[in-house]
Amino acid sequence: MSDDIVSLFNEHSPKDTKELNQLITHQELHLSEVQLQELSLKKVEALKASHLVDLSSKTQEYLVTQLDQSTLTTKENYFQNLIDLQEGFYFLRSNLPFSYSDDALLERLWAVFESCEGSIFHIHGVLEELIIKENMEGGFLNEGTDDTL
C-alpha cells in the first residue's frame, strides 16, 4: 500500500482534532494546536507501522474521555499517555483477529492501563503477553465465559 493512500485516509482535518478538546472537561488538560497536530501525526505513524486504516476518530475520542476522567491523569502525563495508549490500541488491533471489536479492545486496553496504574512501561509488557496468550490459547477477551457445549 502506498504512503499516499494511508495518508489520505488517516489524516484528520483540524476540525476533527479540535473537537477532541470539547470532550475534555478539565481545562488544564486541553490540548494545544501543536499537540493536536502531533497526536494526528502519531496516529498516522502508528497506522503505517501496523498496516491499518482507521477512518474515524472514535479511538481518540474514547481515550481522551477516559483519560480526562481518570484519577491517574495529571497535566504532566496526559498528552504522553494519550499518545502511548493510541499506539497501544493499534498494536492490539494489528496483532489480534478482527473478530474482536474495537470497543472490546479499547475496554481491555483501558483495564490494563488502570491495573498498571498508568505505567506505560508495564502496559506494553502486559499487552504483549495478552497478544501471545490470545494467539496461542485464544480467548483473553472472553474470560469468564463458558464455551462448553
# chains A, B, ... in the order shown; residues from 1 in each chain; ligands from 1
>>> residues_around(residues="stretch 75-91 of chain A", least_positions_apart="4", cutoff="7 Å", atoms="only C-alpha atoms", output="list in words")
Glu28, Leu29, Leu39, Lys42, Ala46, Leu47, Ser50, Gln60, Leu63, Val64, Asn95, Leu106 and Leu109 of chain A
>>> closest_residue(among="A:Arg93, A:Glu19, A:Phe121, A:Leu127", to="A:Val53", atoms="only C-alpha atoms")
A:Arg93
>>> select_by_dssp(residues="stretch 7-142 of chain A", states="alpha helix (DSSP H)", output="PyMOL selection string")
chain A and resi 7-10+14-21+33-50+58-69+78-95+102-115+120-136
>>> decode(residues="stretch 1-141 of chain A", atoms="C-alpha atoms", output="mmCIF file, in the first residue's frame")
data_model
loop_
_atom_site.group_PDB
_atom_site.id
_atom_site.type_symbol
_atom_site.label_atom_id
_atom_site.label_comp_id
_atom_site.auth_asym_id
_atom_site.auth_seq_id
_atom_site.Cartn_x
_atom_site.Cartn_y
_atom_site.Cartn_z
ATOM 1 C CA MET A 1 0.000 0.000 0.000
ATOM 2 C CA SER A 2 1.410 3.371 -0.907
ATOM 3 C CA ASP A 3 2.031 6.022 1.718
ATOM 4 C CA ASP A 4 -0.249 8.384 -0.202
ATOM 5 C CA ILE A 5 -3.258 6.129 0.348
ATOM 6 C CA VAL A 6 -2.529 5.739 4.056
ATOM 7 C CA SER A 7 -2.078 9.495 4.456
ATOM 8 C CA LEU A 8 -5.224 10.268 2.521
ATOM 9 C CA PHE A 9 -7.408 8.134 4.753
ATOM 10 C CA ASN A 10 -5.813 8.800 8.110
ATOM 11 C CA GLU A 11 -5.020 12.472 8.376
ATOM 12 C CA HIS A 12 -7.514 14.358 10.449
ATOM 13 C CA SER A 13 -8.691 17.753 9.479
ATOM 14 C CA PRO A 14 -8.038 20.427 12.112
ATOM 15 C CA LYS A 15 -11.783 20.490 12.807
ATOM 16 C CA ASP A 16 -11.774 16.776 13.774
ATOM 17 C CA THR A 17 -8.879 17.101 16.191
ATOM 18 C CA LYS A 18 -10.164 20.328 17.743
ATOM 19 C CA GLU A 19 -13.391 18.507 18.553
ATOM 20 C CA LEU A 20 -11.361 16.285 20.892
ATOM 21 C CA ASN A 21 -10.895 19.274 23.220
ATOM 22 C CA GLN A 22 -14.673 19.567 23.515
ATOM 23 C CA LEU A 23 -14.695 16.138 25.177
ATOM 24 C CA ILE A 24 -12.230 17.219 27.869
ATOM 25 C CA THR A 25 -13.865 18.671 30.969
ATOM 26 C CA HIS A 26 -10.695 19.572 32.895
ATOM 27 C CA GLN A 27 -9.423 22.841 31.451
ATOM 28 C CA GLU A 28 -5.778 22.146 32.322
ATOM 29 C CA LEU A 29 -5.838 19.024 30.137
ATOM 30 C CA HIS A 30 -6.876 20.736 26.903
ATOM 31 C CA LEU A 31 -4.575 20.030 24.004
ATOM 32 C CA SER A 32 -2.733 22.826 22.234
ATOM 33 C CA GLU A 33 -2.768 23.183 18.460
ATOM 34 C CA VAL A 34 0.763 21.740 18.335
ATOM 35 C CA GLN A 35 -0.287 18.764 20.492
ATOM 36 C CA LEU A 36 -3.326 18.121 18.298
ATOM 37 C CA GLN A 37 -1.101 18.100 15.221
ATOM 38 C CA GLU A 38 1.394 15.782 16.907
ATOM 39 C CA LEU A 39 -1.414 13.453 18.012
ATOM 40 C CA SER A 40 -2.621 13.217 14.405
ATOM 41 C CA LEU A 41 0.918 12.604 13.190
ATOM 42 C CA LYS A 42 1.447 9.875 15.802
ATOM 43 C CA LYS A 43 -1.805 8.244 14.720
ATOM 44 C CA VAL A 44 -0.666 8.171 11.103
ATOM 45 C CA GLU A 45 2.707 6.733 12.152
ATOM 46 C CA ALA A 46 1.054 4.043 14.295
ATOM 47 C CA LEU A 47 -1.300 3.119 11.483
ATOM 48 C CA LYS A 48 1.532 2.868 8.968
ATOM 49 C CA ALA A 49 3.572 0.727 11.350
ATOM 50 C CA SER A 50 0.558 -1.518 11.960
ATOM 51 C CA HIS A 51 -0.533 -1.609 8.309
ATOM 52 C CA LEU A 52 -4.009 -0.440 9.318
ATOM 53 C CA VAL A 53 -6.512 2.094 8.082
ATOM 54 C CA ASP A 54 -8.736 3.940 10.539
ATOM 55 C CA LEU A 55 -11.284 6.303 9.084
ATOM 56 C CA SER A 56 -12.703 7.569 12.369
ATOM 57 C CA SER A 57 -11.580 9.397 15.469
ATOM 58 C CA LYS A 58 -13.510 7.000 17.738
ATOM 59 C CA THR A 59 -10.337 5.619 19.321
ATOM 60 C CA GLN A 60 -9.005 9.070 20.142
ATOM 61 C CA GLU A 61 -12.390 10.166 21.482
ATOM 62 C CA TYR A 62 -12.580 7.152 23.800
ATOM 63 C CA LEU A 63 -9.049 7.638 25.108
ATOM 64 C CA VAL A 64 -9.447 11.405 25.573
ATOM 65 C CA THR A 65 -12.638 10.869 27.573
ATOM 66 C CA GLN A 66 -11.235 8.050 29.712
ATOM 67 C CA LEU A 67 -8.010 9.911 30.496
ATOM 68 C CA ASP A 68 -9.983 13.047 31.333
ATOM 69 C CA GLN A 69 -11.981 11.117 33.932
ATOM 70 C CA SER A 70 -9.081 9.085 35.330
ATOM 71 C CA THR A 71 -7.514 9.753 38.710
ATOM 72 C CA LEU A 72 -4.228 8.574 37.161
ATOM 73 C CA THR A 73 -4.160 11.568 34.834
ATOM 74 C CA THR A 74 -2.165 14.696 35.539
ATOM 75 C CA LYS A 75 -1.429 17.705 33.391
ATOM 76 C CA GLU A 76 2.139 16.430 33.068
ATOM 77 C CA ASN A 77 1.325 12.898 31.854
ATOM 78 C CA TYR A 78 -1.926 13.446 29.949
ATOM 79 C CA PHE A 79 -0.595 14.043 26.451
ATOM 80 C CA GLN A 80 2.097 11.344 26.559
ATOM 81 C CA ASN A 81 -0.375 8.801 27.948
ATOM 82 C CA LEU A 82 -2.798 9.679 25.158
ATOM 83 C CA ILE A 83 -0.134 9.040 22.518
ATOM 84 C CA ASP A 84 1.055 5.825 24.183
ATOM 85 C CA LEU A 85 -2.474 4.437 24.583
ATOM 86 C CA GLN A 86 -3.310 5.292 20.979
ATOM 87 C CA GLU A 87 -0.218 3.364 19.856
ATOM 88 C CA GLY A 88 -1.159 0.528 22.213
ATOM 89 C CA PHE A 89 -4.603 0.263 20.667
ATOM 90 C CA TYR A 90 -3.245 -0.001 17.125
ATOM 91 C CA PHE A 91 -0.678 -2.531 18.353
ATOM 92 C CA LEU A 92 -3.527 -4.664 19.725
ATOM 93 C CA ARG A 93 -5.660 -4.149 16.619
ATOM 94 C CA SER A 94 -2.861 -5.247 14.293
ATOM 95 C CA ASN A 95 -1.945 -8.350 16.305
ATOM 96 C CA LEU A 96 -5.364 -9.758 17.150
ATOM 97 C CA PRO A 97 -8.157 -11.157 14.998
ATOM 98 C CA PHE A 98 -10.646 -8.678 13.623
ATOM 99 C CA SER A 99 -13.397 -10.754 15.219
ATOM 100 C CA TYR A 100 -12.733 -8.625 18.321
ATOM 101 C CA SER A 101 -14.490 -5.292 18.125
ATOM 102 C CA ASP A 102 -12.628 -2.041 18.555
ATOM 103 C CA ASP A 103 -14.791 -1.363 21.611
ATOM 104 C CA ALA A 104 -13.701 -4.624 23.241
ATOM 105 C CA LEU A 105 -10.050 -3.844 22.541
ATOM 106 C CA LEU A 106 -10.394 -0.304 23.906
ATOM 107 C CA GLU A 107 -12.052 -1.574 27.068
ATOM 108 C CA ARG A 108 -9.316 -4.160 27.553
ATOM 109 C CA LEU A 109 -6.610 -1.565 26.899
ATOM 110 C CA TRP A 110 -8.189 0.732 29.464
ATOM 111 C CA ALA A 111 -8.439 -2.089 32.014
ATOM 112 C CA VAL A 112 -4.735 -2.799 31.528
ATOM 113 C CA PHE A 113 -3.917 0.923 31.913
ATOM 114 C CA GLU A 114 -5.780 1.048 35.206
ATOM 115 C CA SER A 115 -4.372 -2.236 36.522
ATOM 116 C CA CYS A 116 -0.837 -0.987 35.741
ATOM 117 C CA GLU A 117 -1.696 2.312 37.436
ATOM 118 C CA GLY A 118 -0.826 4.232 34.277
ATOM 119 C CA SER A 119 2.729 2.900 33.962
ATOM 120 C CA ILE A 120 3.176 2.806 30.200
ATOM 121 C CA PHE A 121 6.328 0.684 30.519
ATOM 122 C CA HIS A 122 4.336 -2.048 32.259
ATOM 123 C CA ILE A 123 1.355 -1.666 29.925
ATOM 124 C CA HIS A 124 3.387 -2.579 26.843
ATOM 125 C CA GLY A 125 4.618 -5.757 28.507
ATOM 126 C CA VAL A 126 1.101 -6.743 29.548
ATOM 127 C CA LEU A 127 -0.235 -6.058 26.052
ATOM 128 C CA GLU A 128 2.450 -8.257 24.531
ATOM 129 C CA GLU A 129 1.573 -11.048 26.977
ATOM 130 C CA LEU A 130 -2.131 -10.715 26.138
ATOM 131 C CA ILE A 131 -1.426 -10.973 22.439
ATOM 132 C CA ILE A 132 0.722 -14.058 22.932
ATOM 133 C CA LYS A 133 -1.933 -15.626 25.148
ATOM 134 C CA GLU A 134 -4.674 -14.878 22.634
ATOM 135 C CA ASN A 135 -2.706 -16.148 19.667
ATOM 136 C CA MET A 136 -1.507 -19.281 21.472
ATOM 137 C CA GLU A 137 -4.508 -20.167 23.627
ATOM 138 C CA GLY A 138 -7.316 -17.936 22.462
ATOM 139 C CA GLY A 139 -9.939 -16.070 24.349
ATOM 140 C CA PHE A 140 -8.458 -13.384 26.619
ATOM 141 C CA LEU A 141 -11.341 -11.117 25.726
#
